[in-house]
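Novice: Input file: coords.cif. Contents: mmCIF, C-alpha atoms and all ligand atoms.
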```cif
data_entry
#
loop_
_atom_site.label_atom_id
_atom_site.label_comp_id
_atom_site.auth_asym_id
_atom_site.auth_seq_id
_atom_site.Cartn_x
_atom_site.Cartn_y
_atom_site.Cartn_z
CA MET A 1 -70.44 2.10 33.48
CA SER A 2 -73.45 0.24 32.07
CA LEU A 3 -72.99 -3.16 30.44
CA GLU A 4 -76.54 -3.13 29.05
CA GLY A 5 -77.16 -6.12 26.82
CA LYS A 6 -73.57 -7.40 26.94
CA HIS A 7 -73.07 -11.14 27.27
CA VAL A 8 -70.52 -11.76 30.02
CA LEU A 9 -69.21 -15.17 30.99
CA VAL A 10 -67.92 -15.35 34.55
CA GLY A 11 -65.34 -18.12 34.91
CA VAL A 12 -64.94 -19.20 38.51
CA GLY A 13 -61.65 -20.76 39.58
CA GLY A 14 -61.08 -22.97 42.60
CA GLY A 15 -59.90 -20.70 45.40
CA ILE A 16 -61.22 -19.47 48.71
CA ALA A 17 -62.31 -16.23 47.02
CA ALA A 18 -64.73 -18.20 44.79
CA TYR A 19 -67.63 -17.10 47.01
CA LYS A 20 -66.90 -13.49 46.05
CA ALA A 21 -67.62 -14.37 42.40
CA VAL A 22 -71.26 -14.42 43.51
CA LEU A 23 -70.99 -10.69 44.32
CA LEU A 24 -69.32 -10.07 40.96
CA VAL A 25 -72.17 -11.82 39.13
CA ARG A 26 -74.63 -9.64 41.05
CA GLU A 27 -72.65 -6.47 40.18
CA LEU A 28 -72.58 -7.40 36.48
CA GLY A 29 -76.33 -8.03 36.64
CA ARG A 30 -76.84 -4.65 38.30
CA ARG A 31 -75.07 -3.12 35.28
CA ARG A 32 -77.59 -4.95 33.08
CA ALA A 33 -75.18 -7.49 31.59
CA LEU A 34 -76.51 -10.92 30.64
CA VAL A 35 -74.39 -13.28 32.70
CA LYS A 36 -73.54 -16.98 32.41
CA VAL A 37 -71.15 -18.81 34.69
CA ALA A 38 -68.60 -21.54 34.02
CA MET A 39 -66.90 -23.21 36.99
CA THR A 40 -63.76 -25.29 37.10
CA PRO A 41 -64.27 -28.65 38.85
CA SER A 42 -62.36 -27.41 41.90
CA ALA A 43 -64.47 -24.21 42.08
CA THR A 44 -67.50 -26.41 42.78
CA ARG A 45 -65.79 -27.50 46.01
CA PHE A 46 -65.77 -23.90 47.24
CA VAL A 47 -69.20 -22.64 46.20
CA GLY A 48 -72.36 -24.40 45.11
CA ALA A 49 -73.40 -24.38 41.46
CA SER A 50 -76.97 -23.75 42.56
CA THR A 51 -75.98 -20.37 44.05
CA PHE A 52 -74.91 -19.13 40.61
CA GLY A 53 -77.91 -20.82 39.00
CA GLY A 54 -80.13 -18.94 41.43
CA ILE A 55 -78.81 -15.47 40.54
CA THR A 56 -78.29 -15.88 36.81
CA GLY A 57 -81.35 -18.02 36.12
CA THR A 58 -79.14 -20.48 34.19
CA PRO A 59 -77.24 -23.37 35.75
CA PRO A 60 -73.49 -22.80 35.50
CA VAL A 61 -71.47 -24.92 33.10
CA THR A 62 -69.23 -27.22 35.09
CA ASP A 63 -68.11 -29.83 32.59
CA LEU A 64 -67.43 -30.30 28.94
CA TRP A 65 -70.14 -32.96 28.67
CA ASP A 66 -72.99 -30.69 29.79
CA PRO A 67 -76.12 -32.27 28.24
CA SER A 68 -77.96 -28.93 28.07
CA TYR A 69 -75.66 -27.92 25.18
CA PRO A 70 -76.54 -29.96 22.09
CA GLY A 71 -73.24 -29.07 20.37
CA GLU A 72 -69.83 -28.38 21.80
CA VAL A 73 -70.20 -26.53 25.10
CA HIS A 74 -67.00 -24.48 24.82
CA VAL A 75 -67.58 -23.45 21.20
CA GLU A 76 -71.14 -22.38 21.87
CA LEU A 77 -70.26 -20.52 25.06
CA ALA A 78 -67.36 -18.74 23.35
CA ALA A 79 -69.63 -17.70 20.48
CA TRP A 80 -72.27 -16.37 22.90
CA THR A 81 -69.95 -14.27 25.05
CA ASP A 82 -68.86 -10.64 24.51
CA ALA A 83 -66.35 -10.77 27.39
CA ILE A 84 -65.01 -13.40 29.76
CA VAL A 85 -64.01 -12.53 33.30
CA VAL A 86 -62.18 -15.12 35.38
CA ALA A 87 -62.62 -14.54 39.11
CA PRO A 88 -60.92 -15.77 41.14
CA ALA A 89 -58.05 -16.61 38.78
CA THR A 90 -55.80 -18.97 40.74
CA ALA A 91 -52.10 -19.48 40.01
CA ASN A 92 -52.97 -22.88 38.59
CA LEU A 93 -55.68 -21.47 36.33
CA LEU A 94 -53.39 -18.70 35.04
CA ALA A 95 -50.70 -21.28 34.27
CA ARG A 96 -53.11 -23.51 32.39
CA ALA A 97 -54.63 -20.59 30.49
CA ALA A 98 -51.18 -19.23 29.57
CA ALA A 99 -50.23 -22.66 28.24
CA GLY A 100 -53.44 -22.89 26.19
CA MET A 101 -54.71 -25.95 28.03
CA ALA A 102 -58.34 -26.83 27.41
CA ASP A 103 -59.12 -29.68 29.77
CA ASP A 104 -62.24 -28.33 31.44
CA ALA A 105 -65.24 -26.29 30.29
CA LEU A 106 -63.80 -22.90 31.36
CA LEU A 107 -60.30 -23.48 29.94
CA ALA A 108 -61.72 -24.91 26.71
CA THR A 109 -63.97 -21.85 26.34
CA LEU A 110 -61.04 -19.51 26.99
CA SER A 111 -58.98 -21.34 24.40
CA CYS A 112 -61.47 -20.70 21.62
CA ALA A 113 -62.83 -17.29 22.68
CA GLU A 114 -62.07 -14.28 20.51
CA CYS A 115 -63.57 -11.75 22.92
CA PRO A 116 -61.76 -9.65 25.58
CA VAL A 117 -60.68 -11.60 28.65
CA VAL A 118 -60.19 -10.18 32.15
CA TYR A 119 -58.46 -12.11 34.93
CA ALA A 120 -59.02 -11.16 38.58
CA PRO A 121 -56.29 -13.09 40.39
CA ALA A 122 -56.53 -14.22 44.01
CA MET A 123 -53.83 -16.25 45.71
CA HIS A 124 -51.15 -16.04 48.35
CA GLU A 125 -48.64 -13.24 47.81
CA ARG A 126 -45.75 -15.66 47.38
CA MET A 127 -47.62 -17.43 44.58
CA TRP A 128 -48.46 -14.11 42.88
CA LEU A 129 -44.80 -13.02 42.99
CA SER A 130 -43.35 -16.41 42.07
CA PRO A 131 -41.41 -16.38 38.78
CA PRO A 132 -43.74 -18.84 36.98
CA THR A 133 -46.86 -16.80 37.86
CA VAL A 134 -45.11 -13.56 36.83
CA ARG A 135 -44.23 -15.22 33.50
CA ASN A 136 -47.75 -16.55 32.99
CA VAL A 137 -49.33 -13.17 33.74
CA GLU A 138 -47.00 -11.48 31.25
CA ARG A 139 -47.74 -14.08 28.60
CA LEU A 140 -51.51 -13.67 29.04
CA ARG A 141 -51.10 -9.90 28.96
CA GLU A 142 -49.10 -10.15 25.72
CA ASP A 143 -51.96 -12.23 24.32
CA GLY A 144 -54.27 -9.27 25.07
CA ALA A 145 -55.78 -10.20 28.45
CA ARG A 146 -56.41 -7.56 31.11
CA PHE A 147 -56.03 -7.89 34.83
CA ALA A 148 -58.06 -6.46 37.70
CA GLY A 149 -56.13 -6.57 40.97
CA PRO A 150 -55.03 -8.36 43.03
CA LEU A 151 -55.27 -6.03 46.01
CA ARG A 152 -53.12 -5.83 49.09
CA GLY A 153 -54.70 -6.80 52.41
CA PRO A 154 -55.40 -9.72 54.71
CA LEU A 155 -54.98 -13.07 52.92
CA ALA A 156 -56.69 -16.40 53.61
CA SER A 157 -53.52 -17.56 55.41
CA GLY A 158 -53.95 -14.78 57.97
CA GLU A 159 -50.93 -12.89 56.61
CA GLU A 160 -50.97 -9.45 54.96
CA GLY A 161 -49.92 -9.09 51.36
CA TRP A 162 -50.75 -8.77 47.68
CA GLY A 163 -53.22 -11.40 46.54
CA ARG A 164 -56.74 -10.42 47.57
CA LEU A 165 -59.40 -10.54 44.90
CA ALA A 166 -60.24 -7.06 43.56
CA GLU A 167 -63.60 -5.59 44.55
CA PRO A 168 -66.58 -6.50 42.31
CA GLU A 169 -66.98 -2.86 41.14
CA GLU A 170 -63.35 -2.67 40.04
CA ILE A 171 -63.56 -6.00 38.22
CA ALA A 172 -66.76 -4.89 36.48
CA ASP A 173 -65.06 -1.57 35.51
CA THR A 174 -62.19 -3.53 33.97
CA VAL A 175 -64.66 -5.67 32.01
CA ALA A 176 -66.33 -2.48 30.75
CA ALA A 177 -62.94 -1.01 29.76
CA ALA A 178 -61.97 -4.26 28.02
CA LEU A 179 -65.20 -4.19 26.01
CA VAL A 180 -64.35 -0.70 24.77
CA GLY A 181 -60.90 -2.19 24.12
CA GLY A 182 -58.65 -0.69 21.50
CA ASP A 183 -60.87 2.34 21.15
CA GLN A 184 -60.55 3.42 24.78
CA LEU A 185 -58.28 6.38 23.87
CA ALA A 186 -59.23 6.77 20.21
CA GLY A 187 -59.21 10.38 19.08
CA LYS A 188 -57.16 11.48 22.13
CA THR A 189 -53.71 13.05 22.00
CA LEU A 190 -51.40 12.15 24.88
CA VAL A 191 -48.13 13.95 25.50
CA ILE A 192 -45.75 11.84 27.57
CA SER A 193 -42.43 13.16 28.88
CA VAL A 194 -39.84 10.45 29.33
CA GLY A 195 -36.38 9.83 30.76
CA PRO A 196 -33.91 12.09 32.52
CA THR A 197 -32.87 15.61 31.58
CA LEU A 198 -29.24 16.49 31.30
CA GLU A 199 -27.76 19.77 32.47
CA ASP A 200 -24.38 20.71 31.03
CA ILE A 201 -21.52 21.81 33.22
CA ASP A 202 -19.03 22.16 30.38
CA PRO A 203 -18.73 20.61 26.88
CA VAL A 204 -17.93 17.16 28.33
CA ARG A 205 -19.63 17.02 31.74
CA PHE A 206 -23.21 17.17 32.91
CA ILE A 207 -25.61 16.60 35.81
CA SER A 208 -28.28 13.99 35.28
CA ASN A 209 -30.04 11.10 37.04
CA ARG A 210 -30.66 7.38 36.68
CA SER A 211 -34.08 7.50 34.99
CA SER A 212 -34.18 4.96 32.12
CA GLY A 213 -37.44 6.09 30.54
CA ARG A 214 -38.92 2.57 30.67
CA MET A 215 -42.08 3.62 32.53
CA GLY A 216 -42.77 6.41 30.03
CA PHE A 217 -42.20 4.12 27.06
CA ALA A 218 -44.50 1.46 28.59
CA LEU A 219 -47.21 4.14 28.84
CA ALA A 220 -46.53 5.27 25.27
CA SER A 221 -46.90 1.78 23.83
CA VAL A 222 -50.05 0.90 25.81
CA ALA A 223 -51.63 4.29 24.94
CA ARG A 224 -50.80 3.73 21.26
CA ASP A 225 -52.40 0.26 21.41
CA ARG A 226 -55.52 1.83 22.90
CA GLY A 227 -55.89 4.14 19.95
CA ALA A 228 -54.29 7.38 21.20
CA ARG A 229 -52.03 9.66 19.19
CA VAL A 230 -48.92 9.67 21.34
CA VAL A 231 -46.31 12.43 21.42
CA VAL A 232 -43.20 11.52 23.40
CA VAL A 233 -40.87 14.27 24.62
CA MET A 234 -37.77 12.38 25.65
CA GLY A 235 -34.60 13.27 27.45
CA PRO A 236 -31.37 11.42 26.63
CA THR A 237 -31.72 7.67 27.32
CA SER A 238 -30.34 4.53 25.72
CA VAL A 239 -33.75 2.83 25.81
CA GLN A 240 -35.53 2.98 22.45
CA PRO A 241 -39.01 4.51 22.16
CA PRO A 242 -41.71 2.13 20.89
CA PRO A 243 -42.65 2.34 17.20
CA GLY A 244 -45.76 4.24 16.14
CA VAL A 245 -45.31 7.28 18.39
CA GLU A 246 -44.13 10.81 17.58
CA VAL A 247 -40.78 11.55 19.24
CA HIS A 248 -39.24 14.92 20.19
CA ALA A 249 -35.75 14.46 21.59
CA VAL A 250 -34.54 17.09 24.07
CA ARG A 251 -31.59 17.45 26.41
CA SER A 252 -32.16 19.89 29.27
CA ALA A 253 -35.15 20.72 31.48
CA ARG A 254 -35.62 24.02 29.69
CA GLU A 255 -35.66 22.30 26.29
CA MET A 256 -38.15 19.78 27.66
CA GLN A 257 -40.39 22.59 28.92
CA GLN A 258 -40.30 24.29 25.53
CA ALA A 259 -41.10 21.04 23.69
CA VAL A 260 -43.95 20.11 26.07
CA ASN A 261 -45.46 23.61 25.93
CA ASP A 262 -45.27 23.58 22.12
CA VAL A 263 -47.55 20.53 21.95
CA ALA A 264 -49.67 21.22 25.06
CA ASP A 265 -52.46 22.97 23.16
CA ASP A 266 -53.16 19.82 21.14
CA ALA A 267 -53.06 17.54 24.16
CA ASP A 268 -56.02 15.89 25.88
CA ALA A 269 -53.62 14.76 28.58
CA ILE A 270 -50.01 15.34 29.56
CA ILE A 271 -48.23 12.66 31.55
CA MET A 272 -44.92 13.75 33.07
CA THR A 273 -42.88 10.63 33.77
CA ALA A 274 -39.61 12.46 33.12
CA ALA A 275 -37.15 12.83 35.98
CA VAL A 276 -36.60 16.53 35.35
CA ALA A 277 -33.42 17.91 36.94
CA ASP A 278 -34.50 20.41 39.59
CA TYR A 279 -31.30 22.46 39.24
CA ARG A 280 -28.80 23.29 36.51
CA PRO A 281 -25.36 24.88 36.62
CA ALA A 282 -25.74 28.66 36.79
CA GLU A 283 -23.41 28.88 33.82
CA MET A 284 -22.14 26.35 31.34
CA ALA A 285 -18.38 26.72 30.85
CA GLU A 286 -17.55 27.09 27.18
CA GLN A 287 -14.38 25.10 27.54
CA LYS A 288 -13.60 22.00 29.52
CA ILE A 289 -13.02 22.99 33.16
CA LYS A 290 -9.43 22.16 34.11
CA LYS A 291 -8.25 20.75 37.37
CA THR A 292 -6.58 23.76 38.92
CA GLY A 293 -3.34 23.64 40.91
CA ASN A 294 -3.62 22.19 44.37
CA LYS A 295 -7.31 22.97 45.05
CA ASP A 296 -8.90 20.03 46.90
CA HIS A 297 -12.43 21.37 46.66
CA MET A 298 -14.46 22.95 43.96
CA SER A 299 -18.12 23.91 43.80
CA ILE A 300 -20.57 24.53 41.05
CA GLU A 301 -23.30 27.06 41.55
CA LEU A 302 -26.71 25.66 40.65
CA VAL A 303 -29.89 27.55 39.82
CA LYS A 304 -33.43 26.26 39.88
CA ASN A 305 -34.97 24.84 36.72
CA PRO A 306 -38.58 25.63 35.83
CA ASP A 307 -41.12 23.15 37.19
CA ILE A 308 -42.76 22.04 33.95
CA LEU A 309 -45.72 20.25 35.52
CA ALA A 310 -46.48 22.98 38.06
CA GLY A 311 -46.35 25.50 35.19
CA LEU A 312 -48.92 23.47 33.23
CA GLY A 313 -51.09 23.15 36.34
CA ALA A 314 -50.98 26.89 37.03
CA ALA A 315 -51.70 27.85 33.40
CA ARG A 316 -54.59 25.42 32.97
CA LYS A 317 -58.03 26.94 32.77
CA GLY A 318 -60.70 24.28 33.31
CA THR A 319 -59.97 20.58 33.19
CA ARG A 320 -58.01 20.16 29.95
CA PRO A 321 -55.41 18.96 29.34
CA ALA A 322 -55.66 16.34 32.07
CA LEU A 323 -52.38 16.34 34.01
CA VAL A 324 -50.62 13.33 35.49
CA GLY A 325 -47.39 13.47 37.47
CA PHE A 326 -45.00 10.79 38.64
CA ALA A 327 -43.21 10.88 41.96
CA MET A 328 -40.34 8.62 42.79
CA GLU A 329 -39.32 8.88 46.41
CA THR A 330 -37.02 7.08 48.80
CA HIS A 331 -39.39 7.48 51.79
CA ASP A 332 -42.90 8.70 52.71
CA VAL A 333 -43.82 7.96 49.12
CA VAL A 334 -47.57 8.53 49.23
CA ALA A 335 -47.44 11.56 51.55
CA TYR A 336 -45.01 13.38 49.23
CA ALA A 337 -47.06 12.44 46.17
CA ARG A 338 -50.19 13.84 47.81
CA ARG A 339 -48.40 17.10 48.51
CA LYS A 340 -47.30 17.32 44.86
CA LEU A 341 -50.89 16.56 43.75
CA THR A 342 -52.12 19.83 45.26
CA GLN A 343 -48.97 21.91 44.82
CA LYS A 344 -48.73 21.17 41.10
CA LYS A 345 -52.54 21.22 40.58
CA VAL A 346 -52.68 17.89 38.74
CA ASP A 347 -55.45 15.31 38.37
CA PHE A 348 -53.46 12.45 39.82
CA MET A 349 -49.95 11.45 40.80
CA VAL A 350 -48.38 8.04 40.34
CA ALA A 351 -46.07 7.31 43.25
CA ASN A 352 -43.40 4.69 43.63
CA GLU A 353 -40.34 3.98 45.65
CA ALA A 354 -36.92 4.51 44.08
CA SER A 355 -35.88 0.99 45.11
CA VAL A 356 -38.58 -0.59 42.90
CA GLY A 357 -38.51 1.92 40.04
CA PHE A 358 -35.24 2.92 38.42
CA GLY A 359 -33.96 0.86 35.52
CA ARG A 360 -36.11 -2.20 36.22
CA ASP A 361 -38.91 -3.77 34.22
CA ASP A 362 -41.14 -4.33 37.23
CA THR A 363 -42.58 -1.79 39.63
CA GLN A 364 -45.23 -1.15 42.26
CA VAL A 365 -47.11 2.10 41.99
CA THR A 366 -49.83 3.85 43.98
CA ILE A 367 -52.19 6.16 42.15
CA VAL A 368 -52.86 9.17 44.38
CA ASP A 369 -55.84 11.29 43.39
CA HIS A 370 -58.34 13.66 44.99
CA ASP A 371 -60.47 10.67 46.14
CA GLY A 372 -57.71 8.77 47.93
CA ASP A 373 -54.80 6.38 47.45
CA HIS A 374 -55.10 3.43 45.09
CA PRO A 375 -52.17 1.00 45.45
CA GLN A 376 -51.65 -1.20 42.39
CA PRO A 377 -50.31 -4.75 42.57
CA PRO A 378 -46.59 -5.28 41.97
CA GLY A 379 -46.00 -6.29 38.37
CA SER A 380 -44.51 -5.15 35.10
CA LYS A 381 -44.27 -1.51 34.02
CA MET A 382 -46.70 -2.45 31.21
CA ALA A 383 -49.22 -3.53 33.85
CA ALA A 384 -48.74 -0.30 35.79
CA ALA A 385 -49.13 1.63 32.52
CA GLY A 386 -52.43 -0.17 31.90
CA ALA A 387 -53.73 0.83 35.33
CA VAL A 388 -52.65 4.48 34.88
CA LEU A 389 -54.28 4.68 31.44
CA ASP A 390 -57.51 3.05 32.71
CA ARG A 391 -57.75 5.84 35.28
CA LEU A 392 -56.88 8.49 32.71
CA ALA A 393 -59.48 7.14 30.26
CA LYS A 394 -62.16 7.45 32.97
CA LEU A 395 -61.10 11.05 33.53
CA LEU A 396 -61.23 11.86 29.81
CA ALA A 397 -64.57 10.08 29.23
N1 LIG B 1 -41.45 17.85 37.38
C1 LIG B 1 -41.45 18.84 36.41
N2 LIG B 1 -40.47 19.80 36.42
C2 LIG B 1 -39.52 19.82 37.37
C3 LIG B 1 -39.51 18.81 38.36
C4 LIG B 1 -40.49 17.85 38.34
O1 LIG B 1 -42.34 18.84 35.56
N3 LIG B 1 -38.60 20.74 37.34
C5 LIG B 1 -42.50 16.84 37.36
C6 LIG B 1 -41.99 15.43 37.14
O2 LIG B 1 -41.93 15.09 35.77
C7 LIG B 1 -43.00 14.58 37.89
C8 LIG B 1 -43.45 15.51 39.02
O3 LIG B 1 -43.12 16.82 38.61
O4 LIG B 1 -44.12 14.28 37.13
C9 LIG B 1 -42.83 15.20 40.34
O5 LIG B 1 -41.42 15.21 40.19
P1 LIG B 1 -40.46 15.06 41.42
O6 LIG B 1 -39.05 15.10 40.95
O7 LIG B 1 -40.93 13.86 42.20
O8 LIG B 1 -40.86 16.32 42.28
P2 LIG B 1 -40.15 17.66 42.59
O9 LIG B 1 -41.19 18.71 42.47
O10 LIG B 1 -38.92 17.82 41.77
O11 LIG B 1 -39.81 17.50 44.14
P3 LIG B 1 -38.57 16.76 44.86
O12 LIG B 1 -37.52 16.54 43.82
O13 LIG B 1 -38.20 17.73 45.90
O14 LIG B 1 -39.15 15.49 45.41
#
```
Show me this structure written as C-alpha cells.
Specialist:
Amino acid sequence: MSLEGKHVLVGVGGGIAAYKAVLLVRELGRRRALVKVAMTPSATRFVGASTFGGITGTPPVTDLWDPSYPGEVHVELAAWTDAIVVAPATANLLARAAAGMADDALLATLSCAECPVVYAPAMHERMWLSPPTVRNVERLREDGARFAGPLRGPLASGEEGWGRLAEPEEIADTVAAALVGGDQLAGKTLVISVGPTLEDIDPVRFISNRSSGRMGFALASVARDRGARVVVVMGPTSVQPPPGVEVHAVRSAREMQQAVNDVADDADAIIMTAAVADYRPAEMAEQKIKKTGNKDHMSIELVKNPDILAGLGAARKGTRPALVGFAMETHDVVAYARRKLTQKKVDFMVANEASVGFGRDDTQVTIVDHDGDHPQPPGSKMAAAGAVLDRLAKLLA
C-alpha cells in the first residue's frame, strides 16, 4: 500500500532490534512516505544516528534540546507527523508511553501527538507476557494505538518465543491501515455469528458447549469502531453484545443458519465465530423425559446439523461475501484449520487451541489462508480481533 506524501515519524527504542528500524525506514521510503526519525537516548547505543540521517536526509532527533528546532521539538514534530511508528517498542518504552511520560524527545512527541500511533514491540517473551506489559499494551490499545507483532522465533537470548520485531513490510502495512483508521471498514456490512448453539432434548434439557461469545463480540466492537455496519447473530450466552451493533438472537444451529442466510445477501463478509453444535437430538421430547424404572443406561439419538459455513461456501458465486471461519481444536490446530479452509471453501480460518480460547479474555490465534499460516502474538481477544479485521479489510479492499 502506498504511503505517498505521508509524513511518518519512526521512533526508535533502545533494544537489540533497533538496527532493524533502518530497514523499516527504507521500506517506508520505498512506499514514498516522508520519514523523520526520533531516537530514545538508549537507542543511540544500539545504532548510530548518522545511519538514519544518511537514509532520511535529516538527522534524527535524539534530545529535547535539539538546536535545529527553533521552537519546541516535540510540539513541532507532532504537528508535522501524520503517523508515528515506534520500532522497536521495548517493555520500558511501552510502560512510559502508557503512563504518559514525556522525558525524552520521542516520549514527549508521543504525548502531544494526535495522529495514529503504531507500536512494533520487540523484547524477550517473558517481558512481553509479564502482567505489567500486558496491562500497558491494553492501556495503549484502549487509547487508540495499534500494534504490529511481535512475532514468534529466535530471540536475542538464543531462546525461541514471542518477542521478535515484526517484519518491515508488516509494520508498514499496519501504519497504512492506521492512517486509513476509522474508515477502514466504512460502508461494509459484516455478519458475525457468536456464541454456542443450544439443541433441545426436552423442555428442560439441552446439548450445548462452553463457547462464551467473547471472541465474536470483540470482533463486533472493533469492526463497529472501524466504521462497519455489524450484524451479530448470537446463540444463547450470558455475555452482553457491545452497543451499536444489530443483534439477532437465536437458539439452535438451524435457527442460526436461517438468521445468517437471511442477512447473507447484504453482507460484504460473514465471520463464523459461533461454536455451532454439529449434532442435535433426532427428536425433541415434548415433555420432560422421566427417569425410567431400573434402567442404568439411556441413549439419545443424534442427527447431523447443517454446516452453515460450508453451505455459504458452496453457494457462493465469485468472491463475495468474504467468508471467515474459526476453528478451536485440542490438537493439530493448524492442520485441521487448513483442512476446513478448503473443505468449507472460505477465504481464511482463524485457528486456536481450546486451552487458550474458551471463556478467557486472552488468546493466541493463527490465521490460516491460501498463502500460508500467520501466527499472531498472544494477547487480548481485542488484539486478535484487530489482526483478523486487518486481514479482512485487505481482502475487501
Ligand atoms: N460451523 C458451521 N456449522 C456447523 C459447524 C461449524 O458453520 N455445523 C463453522 C463454525 O462456526 C466455524 C467453522 O465452521 O467457523 C469450523 O467449526 P468447527 O466446529 O471447528 O468445525 P467442524 O466442521 O464442526 O469440525 P469438527 O467439529 O469435527 O472439528
Novice: Could you report the residues within 6 Å of ligand LIG 1 (chain B), using only C-alpha atoms and all ligand atoms, as an NGL selection string?
Specialist: :A and (272-278 or 305-309 or 325-328)
Novice: Taking all atoms listed in the file into account, which of A:Ala83, A:Met234, A:Val117, A:Ala220 comes nearest Met382 of chain A?
Specialist: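 The closest residue to Met382 of chain A is A:Ala220.
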Novice: Segment 183-191 of chain A: which residues within 9 Å, counting only C-alpha atoms, same-chain residues fewer than 5 positions away excluded, as a list in words?
Specialist: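 So, after excluding close chain neighbours, the residues are Ala177, Ala178, Ala220, Ala223, Arg224, Asp225, Arg226, Gly227, Ala228, Arg229, Val230, Val231, Val232, Val233, Val260, Val263, Ala264, Asp266, Ala267, Asp268, Ala269, Ile270, Ile271, Met272, Leu389, Asp390, Ala393, Leu396 and Ala397 of chain A.
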Novice: Given the choices A:Phe147, A:Phe206, A:Phe348, A:Tyr119, which gets closest to Ala387 of chain A if the distance is worked out from all atoms listed in the file?
Specialist: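 Among A:Phe147, A:Phe206, A:Phe348, A:Tyr119, it is A:Phe147 that comes nearest to Ala387 of chain A.
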Novice: How big is the axis-aligned box around all listed atoms of segment 146-158 of chain A once 4 Å goes on each side, and where's its centre, in Å to one decimal, as JSON?
Specialist:
```
{"center_x": -55.6, "center_y": -11.7, "center_z": 44.5, "size_x": 12.9, "size_y": 19.7, "size_z": 34.9}
```
Novice: What does the distance between atom CA of Gly216 of chain A and atom CA of Ala385 of chain A come to in Å, to one decimal place?
Specialist: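 Taking atom CA of Gly216 of chain A and atom CA of Ala385 of chain A, their separation equals 8.3 Å.
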Novice: What is the atom CA of Pro150 of chain A to atom CA of Pro242 of chain A distance in Å?
Specialist: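 Separation between atom CA of Pro150 of chain A and atom CA of Pro242 of chain A: 27.9 Å.
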Novice: By how many Å are atom CA of Leu140 of chain A and atom CA of Trp128 of chain A apart?
Specialist: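 Distance reported for this atom pair: 14.2 Å.
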Novice: Nearest to Ala99 of chain A among A:Arg320, A:Lys345, A:Arg126, A:Arg135, with distances taken over all atoms listed in the file: which residue is it?
Specialist: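 With all atoms listed in the file as the atom set, the closest residue is A:Arg135.
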Novice: Which is closer to Gln257 of chain A than all the others in A:Ile289, A:Leu165, A:Ala18, A:Ala310, using only C-alpha atoms?
Specialist: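 Nearest candidate to Gln257 of chain A out of A:Ile289, A:Leu165, A:Ala18, A:Ala310: A:Ala310.
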